[in-house]
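Structure file data.txt (compact mmCIF, C-alpha atoms) is printed below.
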```txt
# COMPACT_ATOMS: atom_id res chain seq x y z
CA VAL A 527 45.34 -103.39 -23.00
CA HIS A 528 43.93 -103.82 -19.51
CA LEU A 529 40.36 -102.54 -19.27
CA ILE A 530 39.66 -101.39 -15.74
CA PRO A 531 35.95 -101.19 -14.85
CA VAL A 532 34.97 -97.87 -13.33
CA ASN A 533 31.83 -97.50 -11.26
CA PRO A 534 29.71 -94.49 -12.17
CA VAL A 535 29.85 -91.72 -9.59
CA ARG A 536 26.62 -89.95 -8.78
CA GLU A 537 26.24 -86.21 -8.94
CA ASP A 538 26.72 -85.86 -5.17
CA GLY A 539 30.11 -87.55 -5.49
CA MET A 540 29.14 -90.79 -3.80
CA ASN A 541 29.90 -94.07 -5.47
CA PRO A 542 26.69 -96.14 -5.61
CA LYS A 543 28.28 -99.53 -6.24
CA SER A 544 31.38 -99.75 -4.11
CA ARG A 545 30.76 -100.91 -0.55
CA LYS A 546 34.43 -101.17 0.36
CA ARG A 547 36.04 -97.93 1.42
CA ILE A 548 39.61 -97.12 0.52
CA MET A 549 41.10 -95.29 3.47
CA PRO A 550 42.70 -92.01 2.39
CA ASP A 551 46.45 -91.59 2.68
CA LEU A 552 46.85 -89.63 5.91
CA LEU A 553 49.98 -87.90 4.57
CA THR A 554 48.05 -86.11 1.85
CA GLU A 555 46.31 -82.80 2.40
CA PRO A 556 42.53 -82.96 2.75
CA PRO A 557 40.83 -82.13 -0.54
CA ALA A 558 40.22 -78.44 -1.12
CA ILE A 559 36.76 -77.31 -0.11
CA ASP A 560 34.63 -75.97 -2.96
CA PRO A 561 31.93 -73.90 -1.23
CA ILE A 562 29.92 -73.29 -4.42
CA TYR A 563 29.75 -76.97 -5.36
CA GLU A 564 28.82 -77.89 -1.77
CA ALA A 565 26.11 -75.21 -1.72
CA HIS A 566 24.61 -76.66 -4.93
CA VAL A 567 24.55 -80.13 -3.35
CA TYR A 568 22.89 -78.67 -0.26
CA CYS A 569 20.17 -76.94 -2.31
CA ASN A 570 19.29 -80.29 -3.95
CA ILE A 571 17.45 -78.61 -6.83
CA PRO A 572 15.30 -81.28 -8.55
CA SER A 573 16.81 -81.94 -11.97
CA ILE A 574 17.91 -85.31 -13.31
CA ALA A 575 16.37 -88.55 -12.03
CA GLU A 576 18.21 -89.80 -8.98
CA ARG A 577 19.87 -93.19 -8.93
CA SER A 578 19.57 -95.01 -5.64
CA MET A 579 20.58 -98.25 -3.96
CA GLU A 580 17.41 -98.68 -1.91
CA GLY A 581 15.80 -102.10 -2.13
CA HIS A 582 18.90 -103.95 -3.43
CA ALA A 583 19.45 -107.42 -1.95
CA PRO A 584 20.07 -111.02 -3.04
CA HIS A 585 16.91 -112.45 -4.66
CA TYR A 586 16.19 -114.85 -1.78
CA PHE A 587 15.91 -112.02 0.77
CA LYS A 588 12.52 -110.58 1.71
CA LEU A 589 12.03 -106.93 2.65
CA VAL A 590 9.92 -106.78 5.82
CA SER A 591 10.21 -103.19 7.09
CA VAL A 592 11.37 -99.74 6.00
CA GLN A 593 11.94 -96.81 8.36
CA VAL A 594 12.61 -93.41 6.80
CA LEU A 595 13.97 -90.30 8.54
CA ILE A 596 13.77 -87.18 6.37
CA ARG A 597 14.78 -83.56 6.61
CA HIS A 598 12.10 -81.17 5.38
CA GLY A 599 12.48 -79.81 1.86
CA ASP A 600 13.66 -76.41 0.65
CA ARG A 601 12.33 -73.59 2.82
CA TYR A 602 12.29 -69.84 3.12
CA PRO A 603 14.94 -68.55 5.58
CA LEU A 604 14.39 -68.64 9.33
CA TYR A 605 16.34 -65.37 9.72
CA ALA A 606 16.33 -62.08 7.80
CA ILE A 607 19.39 -59.94 7.14
CA PRO A 608 18.46 -56.63 8.82
CA LYS A 609 17.79 -53.57 6.63
CA THR A 610 17.63 -55.60 3.40
CA LYS A 611 14.66 -56.60 1.29
CA ARG A 612 13.62 -60.19 1.94
CA PRO A 613 14.17 -62.59 -1.00
CA ASP A 614 11.18 -62.40 -3.33
CA ILE A 615 10.03 -66.03 -3.43
CA ASP A 616 6.48 -67.18 -4.05
CA CYS A 617 5.22 -70.06 -1.88
CA MET A 618 1.99 -70.61 -3.84
CA LEU A 619 2.02 -74.03 -5.54
CA VAL A 620 1.78 -73.51 -9.32
CA PRO A 621 2.09 -76.77 -11.31
CA SER A 622 3.12 -74.89 -14.48
CA ARG A 623 6.09 -73.26 -12.71
CA LYS A 624 9.49 -74.93 -12.39
CA PRO A 625 10.52 -76.99 -10.56
CA SER A 626 7.35 -79.02 -10.93
CA HIS A 627 6.24 -82.64 -10.71
CA PRO A 628 3.61 -84.72 -12.60
CA GLN A 629 1.75 -85.32 -9.30
CA LEU A 630 1.84 -81.72 -8.04
CA GLU A 631 -1.65 -80.75 -9.23
CA ALA A 632 -3.21 -83.96 -7.85
CA PHE A 633 -1.30 -83.43 -4.58
CA ILE A 634 -2.81 -79.93 -4.13
CA LYS A 635 -6.34 -81.28 -4.74
CA HIS A 636 -5.85 -84.20 -2.36
CA MET A 637 -4.38 -82.01 0.41
CA SER A 638 -7.48 -79.80 0.41
CA LYS A 639 -9.61 -82.85 1.39
CA GLY A 640 -7.56 -83.76 4.46
CA SER A 641 -10.01 -82.99 7.26
CA ALA A 642 -10.60 -86.72 7.98
CA ALA A 643 -6.95 -87.32 8.99
CA GLN A 644 -6.07 -87.82 12.63
CA MET A 645 -3.53 -85.15 13.53
CA ASP A 646 -2.06 -84.99 17.03
CA GLY A 647 -2.38 -81.81 19.04
CA SER A 648 -1.29 -78.64 17.28
CA LEU A 649 -0.72 -80.43 13.95
CA SER A 650 -4.44 -80.20 13.18
CA SER A 651 -4.19 -76.40 12.91
CA LEU A 652 -1.31 -76.45 10.39
CA PRO A 653 -1.92 -76.06 6.63
CA HIS A 654 -1.31 -79.20 4.51
CA PHE A 655 0.60 -77.31 1.82
CA PRO A 656 2.34 -73.92 1.45
CA SER A 657 0.11 -71.15 0.09
CA HIS A 658 1.51 -67.64 0.49
CA SER A 659 2.39 -65.41 -2.47
CA LEU A 660 5.36 -64.13 -0.45
CA CYS A 661 6.75 -66.98 1.62
CA GLU A 662 6.53 -66.69 5.38
CA MET A 663 9.70 -67.25 7.44
CA GLY A 664 10.61 -70.94 7.47
CA GLU A 665 7.81 -71.88 5.07
CA LEU A 666 8.24 -74.82 2.69
CA THR A 667 8.60 -73.69 -0.94
CA GLN A 668 7.33 -75.32 -4.13
CA THR A 669 10.87 -76.69 -4.57
CA GLY A 670 10.56 -78.31 -1.13
CA VAL A 671 7.25 -79.97 -2.02
CA VAL A 672 8.66 -81.26 -5.33
CA GLN A 673 11.77 -82.65 -3.60
CA HIS A 674 9.58 -84.83 -1.38
CA LEU A 675 7.17 -85.81 -4.16
CA ARG A 676 10.29 -87.13 -5.91
CA ASN A 677 11.45 -88.92 -2.75
CA GLY A 678 8.03 -90.54 -2.34
CA GLN A 679 7.86 -91.56 -5.99
CA LEU A 680 11.32 -93.14 -5.86
CA LEU A 681 10.47 -95.06 -2.67
CA ARG A 682 7.13 -96.18 -4.14
CA GLU A 683 8.76 -97.63 -7.25
CA ILE A 684 11.14 -99.67 -5.08
CA TYR A 685 9.19 -100.58 -1.97
CA ILE A 686 5.60 -100.81 -3.23
CA ASN A 687 5.88 -101.71 -6.93
CA LYS A 688 8.93 -103.97 -6.66
CA HIS A 689 8.95 -105.34 -3.11
CA LYS A 690 5.20 -105.16 -2.26
CA LEU A 691 6.02 -103.87 1.22
CA LEU A 692 2.40 -102.77 1.75
CA PRO A 693 -0.65 -104.54 0.25
CA GLY A 694 -3.22 -102.60 -1.77
CA ASP A 695 -5.59 -102.73 1.22
CA TRP A 696 -3.03 -101.50 3.77
CA THR A 697 -4.35 -100.31 7.12
CA ALA A 698 -3.48 -97.43 9.44
CA LYS A 699 -1.68 -99.88 11.76
CA GLN A 700 0.90 -100.67 9.07
CA LEU A 701 2.10 -97.06 9.01
CA TYR A 702 3.80 -95.04 11.71
CA LEU A 703 4.00 -91.30 10.94
CA GLU A 704 5.60 -88.68 13.17
CA THR A 705 6.58 -85.06 12.60
CA THR A 706 7.70 -82.03 14.55
CA GLY A 707 5.16 -79.25 14.94
CA LYS A 708 6.40 -77.08 12.07
CA SER A 709 4.37 -76.67 8.90
CA ARG A 710 7.46 -77.42 6.78
CA THR A 711 7.96 -80.87 8.36
CA LEU A 712 4.26 -81.78 8.24
CA GLN A 713 3.97 -80.67 4.60
CA SER A 714 7.17 -82.52 3.64
CA ALA A 715 5.80 -85.71 5.22
CA LEU A 716 2.49 -85.32 3.37
CA ALA A 717 4.24 -84.70 0.02
CA LEU A 718 6.39 -87.82 0.40
CA LEU A 719 3.43 -89.86 1.61
CA TYR A 720 1.22 -88.72 -1.28
CA ALA A 721 3.72 -89.85 -3.93
CA PHE A 722 4.42 -93.05 -1.95
CA LEU A 723 0.71 -93.94 -1.58
CA PRO A 724 -1.13 -91.80 -4.18
CA ASP A 725 -4.70 -90.75 -3.30
CA PHE A 726 -4.40 -92.41 0.10
CA ASP A 727 -7.49 -92.64 2.29
CA TRP A 728 -7.25 -89.76 4.79
CA LYS A 729 -9.06 -91.84 7.42
CA LYS A 730 -6.00 -94.15 7.55
CA ILE A 731 -3.60 -91.29 8.31
CA ASN A 732 -2.63 -90.81 11.95
CA MET A 733 0.10 -88.19 12.18
CA ARG A 734 1.80 -88.05 15.57
CA HIS A 735 3.29 -84.82 16.89
CA GLN A 736 6.86 -84.86 18.24
CA TRP A 737 7.65 -81.76 20.30
CA SER A 738 11.41 -82.40 20.39
CA THR A 739 13.61 -81.89 17.31
CA ILE A 740 15.77 -84.84 18.46
CA PHE A 741 12.66 -87.06 18.83
CA CYS A 742 13.52 -87.97 22.41
CA SER A 743 9.82 -88.44 23.30
CA GLY A 744 9.58 -89.39 26.99
CA SER A 745 13.35 -89.77 27.50
CA CYS A 746 14.53 -86.18 27.12
CA ASP A 747 15.98 -85.60 30.59
CA CYS A 748 19.72 -85.91 29.95
CA PRO A 749 22.01 -83.37 31.66
CA MET A 750 25.20 -84.76 30.06
CA ARG A 751 23.74 -84.37 26.58
CA ASN A 752 23.24 -80.67 27.31
CA HIS A 753 26.77 -80.46 28.73
CA TYR A 754 28.35 -81.85 25.53
CA LEU A 755 26.17 -79.58 23.38
CA GLU A 756 27.39 -76.53 25.33
CA GLU A 757 31.00 -77.69 24.94
CA GLU A 758 30.43 -78.14 21.20
CA GLN A 759 28.98 -74.64 20.93
CA ARG A 760 32.08 -73.27 22.67
CA ARG A 761 34.24 -75.08 20.11
CA GLN A 762 32.22 -73.53 17.28
CA TYR A 763 32.61 -70.05 18.78
CA SER A 764 36.36 -70.51 19.24
CA LEU A 765 36.82 -71.59 15.61
CA ARG A 766 34.85 -68.59 14.37
CA VAL A 767 36.81 -66.09 16.48
CA LYS A 768 40.11 -67.45 15.12
CA ASN A 769 39.02 -66.95 11.48
CA ASN A 770 40.29 -63.46 10.54
CA ASN A 771 39.04 -63.74 6.97
CA LEU A 772 35.53 -64.51 8.20
CA GLU A 773 35.64 -61.55 10.58
CA LYS A 774 36.66 -59.18 7.74
CA ILE A 775 33.74 -60.44 5.64
CA TYR A 776 31.28 -59.87 8.51
CA VAL A 777 32.65 -56.33 9.07
CA ASP A 778 32.32 -55.58 5.34
CA MET A 779 28.76 -56.95 5.13
CA ALA A 780 27.75 -55.07 8.29
CA LYS A 781 28.95 -51.80 6.68
CA ILE A 782 26.91 -52.55 3.55
CA VAL A 783 23.69 -53.03 5.51
CA GLY A 784 24.51 -50.34 8.10
CA ILE A 785 24.36 -52.32 11.34
CA PRO A 786 26.90 -53.40 14.00
CA THR A 787 28.90 -56.51 13.08
CA ARG A 788 27.60 -58.38 16.13
CA GLN A 789 23.99 -57.79 15.04
CA LEU A 790 24.73 -59.09 11.53
CA ARG A 791 26.36 -62.23 12.91
CA ALA A 792 23.37 -62.85 15.19
CA SER A 793 21.05 -62.71 12.17
CA ASN A 794 22.74 -65.87 10.80
CA PRO A 795 23.28 -64.44 7.28
CA ILE A 796 24.27 -67.82 5.74
CA ASP A 797 20.71 -69.10 6.25
CA SER A 798 19.30 -66.19 4.29
CA LEU A 799 22.08 -66.15 1.65
CA LEU A 800 21.56 -69.86 0.93
CA CYS A 801 17.95 -69.06 0.02
CA TYR A 802 19.08 -66.40 -2.49
CA PHE A 803 21.65 -68.87 -3.84
CA CYS A 804 19.33 -71.89 -4.11
CA HIS A 805 16.64 -69.84 -5.86
CA ASN A 806 19.07 -68.03 -8.16
CA VAL A 807 18.03 -64.63 -6.80
CA SER A 808 20.56 -61.77 -6.66
CA PHE A 809 22.06 -61.17 -3.22
CA PRO A 810 20.70 -58.03 -1.49
CA CYS A 811 22.02 -54.51 -2.15
CA THR A 812 21.84 -51.21 -0.28
CA LYS A 813 23.04 -47.67 -1.11
CA ALA A 814 26.39 -48.65 0.43
CA GLY A 815 26.92 -51.59 -1.93
CA CYS A 816 25.95 -55.21 -2.54
CA ILE A 817 26.51 -58.45 -0.70
CA GLY A 818 28.27 -60.63 -3.26
CA MET A 819 29.44 -64.13 -4.08
CA GLU A 820 32.78 -63.54 -2.32
CA HIS A 821 30.98 -62.86 0.96
CA PHE A 822 28.90 -66.00 0.47
CA LYS A 823 31.92 -68.17 -0.38
CA VAL A 824 33.89 -67.18 2.74
CA ILE A 825 30.96 -67.81 5.11
CA LYS A 826 30.06 -71.11 3.41
CA ARG A 827 33.72 -72.24 3.46
CA HIS A 828 33.90 -71.55 7.18
CA GLN A 829 30.71 -73.57 7.70
CA LEU A 830 32.30 -76.53 5.88
CA GLU A 831 35.56 -76.20 7.87
CA ASP A 832 33.51 -76.15 11.06
CA GLU A 833 31.83 -79.44 10.05
CA ARG A 834 35.22 -81.01 9.37
CA GLU A 835 36.62 -79.94 12.75
CA ARG A 836 33.42 -81.07 14.45
CA GLN A 837 34.06 -84.62 13.21
CA GLU A 838 37.63 -84.55 14.55
CA LYS A 839 36.99 -83.09 18.01
CA LYS A 840 34.45 -85.73 19.18
CA LEU A 841 32.42 -83.38 21.42
CA TYR A 842 29.60 -83.46 18.90
CA PHE A 843 29.87 -87.26 18.69
CA LEU A 844 29.37 -87.54 22.47
CA TYR A 845 26.39 -85.19 22.23
CA ALA A 846 25.02 -87.19 19.28
CA LEU A 847 25.15 -90.54 21.10
CA LEU A 848 23.03 -89.20 23.96
CA ALA A 849 20.77 -87.08 21.75
CA THR A 850 19.81 -89.91 19.40
CA HIS A 851 19.58 -92.89 21.71
CA PRO A 852 15.81 -92.52 22.36
CA LEU A 853 15.04 -92.42 18.62
CA LEU A 854 17.45 -95.25 17.74
CA ASN A 855 16.11 -97.31 20.65
CA GLN A 856 12.56 -96.86 19.36
CA THR A 857 13.77 -97.89 15.89
CA VAL A 858 15.53 -101.01 17.18
CA ASN A 859 12.55 -102.07 19.32
CA ARG A 860 10.26 -101.80 16.31
CA LEU A 861 12.65 -103.77 14.07
CA GLN A 862 12.85 -106.51 16.72
CA ARG A 863 9.05 -106.75 16.94
CA ILE A 864 8.78 -107.05 13.16
CA ALA A 865 11.56 -109.67 13.08
CA GLU A 866 9.48 -111.65 15.59
CA GLY A 867 6.55 -111.65 13.16
CA LYS A 868 4.51 -108.55 14.06
CA LYS A 869 2.88 -106.98 10.99
CA GLU A 870 2.35 -103.48 12.39
CA GLU A 871 4.31 -100.31 11.58
CA VAL A 872 6.15 -101.86 8.64
CA PHE A 873 6.54 -98.43 7.00
CA VAL A 874 7.72 -95.62 9.27
CA LEU A 875 8.22 -91.97 8.39
CA TYR A 876 9.81 -89.43 10.71
CA SER A 877 9.74 -85.90 9.28
CA ALA A 878 12.41 -83.80 10.92
CA HIS A 879 15.22 -81.25 10.61
CA ASP A 880 18.96 -81.04 9.94
CA VAL A 881 19.47 -81.00 13.73
CA THR A 882 17.72 -84.41 13.83
CA LEU A 883 19.52 -86.16 10.99
CA SER A 884 22.99 -84.79 11.65
CA PRO A 885 23.41 -86.32 15.14
CA VAL A 886 21.93 -89.64 13.96
CA LEU A 887 24.59 -89.87 11.23
CA SER A 888 27.29 -88.97 13.74
CA ALA A 889 26.07 -91.46 16.38
CA LEU A 890 26.00 -94.28 13.81
CA GLY A 891 29.62 -93.47 12.92
CA ILE A 892 28.86 -92.36 9.34
CA THR A 893 31.50 -89.64 9.48
CA GLU A 894 31.98 -89.31 5.72
CA ALA A 895 28.39 -88.23 5.15
CA ARG A 896 27.66 -84.69 4.06
CA PHE A 897 25.61 -82.39 6.29
CA PRO A 898 21.90 -83.11 5.59
CA ARG A 899 20.81 -81.28 2.45
CA PHE A 900 17.23 -80.14 1.89
CA ALA A 901 14.96 -83.23 1.65
CA ALA A 902 17.76 -85.56 2.80
CA ARG A 903 16.61 -89.09 3.60
CA LEU A 904 18.08 -91.76 5.86
CA VAL A 905 16.54 -95.20 5.37
CA PHE A 906 16.71 -98.32 7.58
CA GLU A 907 15.69 -101.48 5.70
CA LEU A 908 14.97 -104.76 7.53
CA TRP A 909 15.44 -107.95 5.49
CA GLN A 910 14.62 -111.58 6.23
CA ASP A 911 16.88 -114.32 4.90
CA GLY A 912 14.66 -116.61 2.79
CA LYS A 913 16.98 -119.56 3.35
CA ARG A 914 17.15 -119.02 7.13
CA PRO A 915 13.92 -117.18 8.02
CA ARG A 916 14.93 -116.54 11.62
CA GLU A 917 17.91 -114.45 10.48
CA HIS A 918 17.33 -110.74 9.88
CA PHE A 919 19.63 -108.08 8.46
CA ILE A 920 19.59 -104.34 8.10
CA ARG A 921 20.78 -101.95 5.43
CA ILE A 922 21.21 -98.25 6.03
CA LEU A 923 21.06 -95.80 3.13
CA TYR A 924 21.68 -92.07 3.04
CA ASN A 925 20.32 -90.18 0.03
CA GLY A 926 20.28 -93.46 -1.90
CA ALA A 927 23.87 -94.47 -1.11
CA ASP A 928 24.47 -97.65 0.90
CA VAL A 929 26.31 -96.57 4.07
CA THR A 930 25.75 -99.77 6.07
CA PHE A 931 29.45 -100.59 6.23
CA GLN A 932 30.43 -97.05 7.19
CA THR A 933 28.64 -97.51 10.53
CA SER A 934 30.83 -98.07 13.59
CA PHE A 935 29.02 -101.31 14.49
CA CYS A 936 29.23 -102.96 11.07
CA LYS A 937 32.28 -101.52 9.32
CA ASP A 938 34.30 -104.75 9.58
CA HIS A 939 31.46 -107.18 8.96
CA TYR A 940 31.65 -107.25 5.15
CA LYS A 941 35.21 -108.57 5.33
CA ARG A 942 33.92 -111.76 6.95
CA SER A 943 30.53 -112.13 5.27
CA SER A 944 29.31 -112.67 1.73
CA LYS A 945 25.98 -110.97 2.55
CA PRO A 946 25.73 -107.32 1.52
CA MET A 947 24.10 -106.23 4.78
CA CYS A 948 24.49 -106.16 8.54
CA PRO A 949 23.01 -108.68 11.03
CA LEU A 950 20.19 -107.04 12.99
CA GLU A 951 21.74 -108.10 16.30
CA LYS A 952 24.81 -105.92 15.62
CA PHE A 953 22.56 -102.87 15.44
CA VAL A 954 20.61 -104.03 18.52
CA ASN A 955 23.82 -104.54 20.55
CA PHE A 956 25.10 -101.13 19.49
CA VAL A 957 21.93 -99.31 20.60
CA LYS A 958 21.27 -101.33 23.76
CA ARG A 959 24.86 -101.58 25.02
CA ASP A 960 27.77 -100.26 22.97
CA MET A 961 26.55 -96.65 22.67
CA PHE A 962 27.28 -96.21 26.40
CA LEU A 963 30.78 -97.72 26.57
CA ILE A 964 32.50 -94.43 25.79
CA PHE A 965 30.76 -92.93 28.86
CA ASN A 966 31.88 -95.86 31.03
CA SER A 967 28.18 -96.62 31.52
CA THR A 968 25.78 -99.48 30.89
CA SER A 969 22.54 -97.59 30.34
CA TYR A 970 21.16 -94.40 28.82
CA TYR A 971 20.06 -93.08 32.23
CA ASP A 972 23.49 -93.70 33.74
CA ALA A 973 25.32 -92.09 30.78
CA CYS A 974 23.00 -89.07 30.99
CA HIS A 975 23.55 -88.50 34.70
CA ARG A 976 27.21 -89.48 35.12
CA LYS A 977 29.65 -86.59 35.33
CA ALA A 978 32.10 -86.15 32.45
CA LEU A 979 35.50 -87.72 33.06
```
Full structure transcribed into structure tokens:
Amino acid sequence: VHLIPVNPVREDGMNPKSRKRIMPDLLTEPPAIDPIYEAHVYCNIPSIAERSMEGHAPHYFKLVSVQVLIRHGDRYPLYAIPKTKRPDIDCMLVPSRKPSHPQLEAFIKHMSKGSAAQMDGSLSSLPHFPSHSLCEMGELTQTGVVQHLRNGQLLREIYINKHKLLPGDWTAKQLYLETTGKSRTLQSALALLYAFLPDFDWKKINMRHQWSTIFCSGSCDCPMRNHYLEEEQRRQYSLRVKNNNLEKIYVDMAKIVGIPTRQLRASNPIDSLLCYFCHNVSFPCTKAGCIGMEHFKVIKRHQLEDERERQEKKLYFLYALLATHPLLNQTVNRLQRIAEGKKEEVFVLYSAHDVTLSPVLSALGITEARFPRFAARLVFELWQDGKRPREHFIRILYNGADVTFQTSFCKDHYKRSSKPMCPLEKFVNFVKRDMFLIFNSTSYYDACHRKAL
């Protein structure tokens, strides 16, 4: 009898142990899309403890920096389906209500004392936690807070308790915190931070405001980025128009709610329906009938097919390279400073959106990654080789899975190296030089202003 070891597969289908990817047989059909399973993954309802690969390295390696990019947690929809009752979801935080977290009550108390924090610009006027009995549009829910309390707790156990990334007397200079100006991103950052550094001193918190969802800071002028985004939006529109089944579903739903089909489509019903689905609330009904699971499945399936085609067509990839260069450049510069011995900004948290994470994954070449779920996290770890202290390596993890060797700049490295990570200089070369090769350019400015071939 030959016993073949099998690595456990996590609930999101990713294999936590295997770093080597087996390329699929191109002659086989792509696996059938299961829209209900994918919707459950997207909701990311807190249930069983998550297994993760963060913080794993040979014993002689020292962790010197961690940079975390998160998507905000579960939120109320940004759009309403016209002429239907909004989903009845309570955004008050109630520790006795599920899903809950052991630190939820302490988090609420601590958030109410936050006047000493330094908050950039408009952030100072935002509430530190959700507090409406009927959620406002786009508001973080209790589920969203709990998702990030869990993220923070998991990262604390690994990076603080195990690796001692920050000392007990850490200072404000050792953290770098940045969020967009939405309450859901600020509150998600605070929830993660509270579980990561419980009862932190508010005077040490300096939350920077980022006005751009792609975190381009002072480097946002990029005409070619906008060009590729417009081309990508045309591709999306073309795919939708060709989908007869989708059109029938929109016509049927529009009849149920009594509005023109075009108006229903413009209200982005999937955003609202996902909220009903994630919170196990019945889809809306009118006198003309009910929106049902079949409607939801067809729209969700189209969304997943659109993501698949997006990976194949490369327009989004070209957009992503230009959209994410400022953020990746900032990340690389910080990692280089820390590798040179600087002790500042060793823990970084960017609190952002799906439209922030998705292009970063695409630009890095991580094409097998799922679209960012609620409370998704992308982590960059910087490690120092204890035997050769001048050598530094990075690991990249997405929702706890090691995706370092899925990146375009490091996918072949593991074949030649015994070390389970990527040399920092490969990441540096990619961001400083190789990102522009596809545009026949040598710099971000040139790639942004050169006409498409």
key: Top pick for closest residue to Gln910 of chain A, considering A:Asn794, A:Thr705, A:Ser591, A:Gln644 and counting only C-alpha atoms   =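 Answer, going by the shortest atom-to-atom distance: A:Ser591.
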request  = Fewer than 2 positions away in the same chain doesn't count, so skip those; otherwise give me all residues within 10 Å of Gly581 of chain A, counting all atoms listed in the file, as a list of chain:residue names.
outcome  = A:Ser578, A:Met579, A:Ala583, A:Pro584, A:Lys588, A:Leu589, A:Val592, A:Leu681, A:Glu683, A:Ile684, A:Tyr685, A:Lys688, A:His689, A:Glu907, A:Trp909, A:Arg921, A:Leu923, A:Gly926
Which residues, written as a PDB file with C-alpha atoms, in the coordinates of the input, have at least one atom at most 12 Å from Thr812 of chain A, with all atoms listed in the file counted and residues fewer than 5 positions away on the same chain left out?
```
ATOM      1  CA  ILE A 607      19.390 -59.940   7.140  1.00  0.00           C
ATOM      2  CA  PRO A 608      18.460 -56.630   8.820  1.00  0.00           C
ATOM      3  CA  LYS A 609      17.790 -53.570   6.630  1.00  0.00           C
ATOM      4  CA  THR A 610      17.630 -55.600   3.400  1.00  0.00           C
ATOM      5  CA  LYS A 611      14.660 -56.600   1.290  1.00  0.00           C
ATOM      6  CA  MET A 779      28.760 -56.950   5.130  1.00  0.00           C
ATOM      7  CA  ALA A 780      27.750 -55.070   8.290  1.00  0.00           C
ATOM      8  CA  LYS A 781      28.950 -51.800   6.680  1.00  0.00           C
ATOM      9  CA  ILE A 782      26.910 -52.550   3.550  1.00  0.00           C
ATOM     10  CA  VAL A 783      23.690 -53.030   5.510  1.00  0.00           C
ATOM     11  CA  GLY A 784      24.510 -50.340   8.100  1.00  0.00           C
ATOM     12  CA  ILE A 785      24.360 -52.320  11.340  1.00  0.00           C
ATOM     13  CA  ILE A 817      26.510 -58.450  -0.700  1.00  0.00           C
ATOM     14  CA  GLY A 818      28.270 -60.630  -3.260  1.00  0.00           C
TER      15      GLY A 818
END
```
request  = Skip segment 648-661 of chain A itself and residues of its chain fewer than 6 positions away, then list as a PyMOL selection string all residues within 6 Å of it, counting only C-alpha atoms.
outcome  = chain A and resi 615-618+637+709+713
request  = Would you please work out which residue, of A:Thr667, A:Val954, A:Lys826, A:Glu835, is nearest to Arg863 of chain A when using all atoms listed in the file?
outcome  =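 Closest residue, counting all atoms listed in the file: A:Val954.
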task = Please indicate the distance in Å from atom CA of Cys748 of chain A to atom CA of Phe935 of chain A, rounded to one decimal place.
result =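 These atoms are spaced 23.7 Å apart.
Counting only C-alpha atoms and comparing A:Met819, A:Ala717, A:Cys936, A:Cys801, the residue that lies closest to Ile571 of chain A is A:Cys801.
Summary of the local environment: counting all atoms listed in the file, residues at most 8 Å from Leu844 of chain A, other than itself and those fewer than 5 positions away along its chain, are Arg751, Tyr754 and Ala889 of chain A.
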Could the residues in this selection be saved with C-alpha atoms as a PDB file, in the coordinates of the input?
```pdb
ATOM      1  CA  ARG A 751      23.740 -84.370  26.580  1.00  0.00           C
ATOM      2  CA  TYR A 754      28.350 -81.850  25.530  1.00  0.00           C
ATOM      3  CA  ALA A 889      26.070 -91.460  16.380  1.00  0.00           C
TER       4      ALA A 889
END
```
Contact residues around His821 of chain A with only C-alpha atoms at 12 Å, ignoring same-chain residues under 5 positions, as a list of chain:residue names =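 Listing them by chain and then by number gives A:Pro561, A:Ile562, A:Asn771, A:Leu772, A:Glu773, A:Lys774, A:Ile775, A:Tyr776, A:Val777, A:Asp778, A:Met779, A:Ala780, A:Ile782, A:Pro795, A:Ile796, A:Leu799, A:Leu800, A:Phe809, A:Pro810, A:Cys816, A:Lys826, A:Arg827, A:His828.
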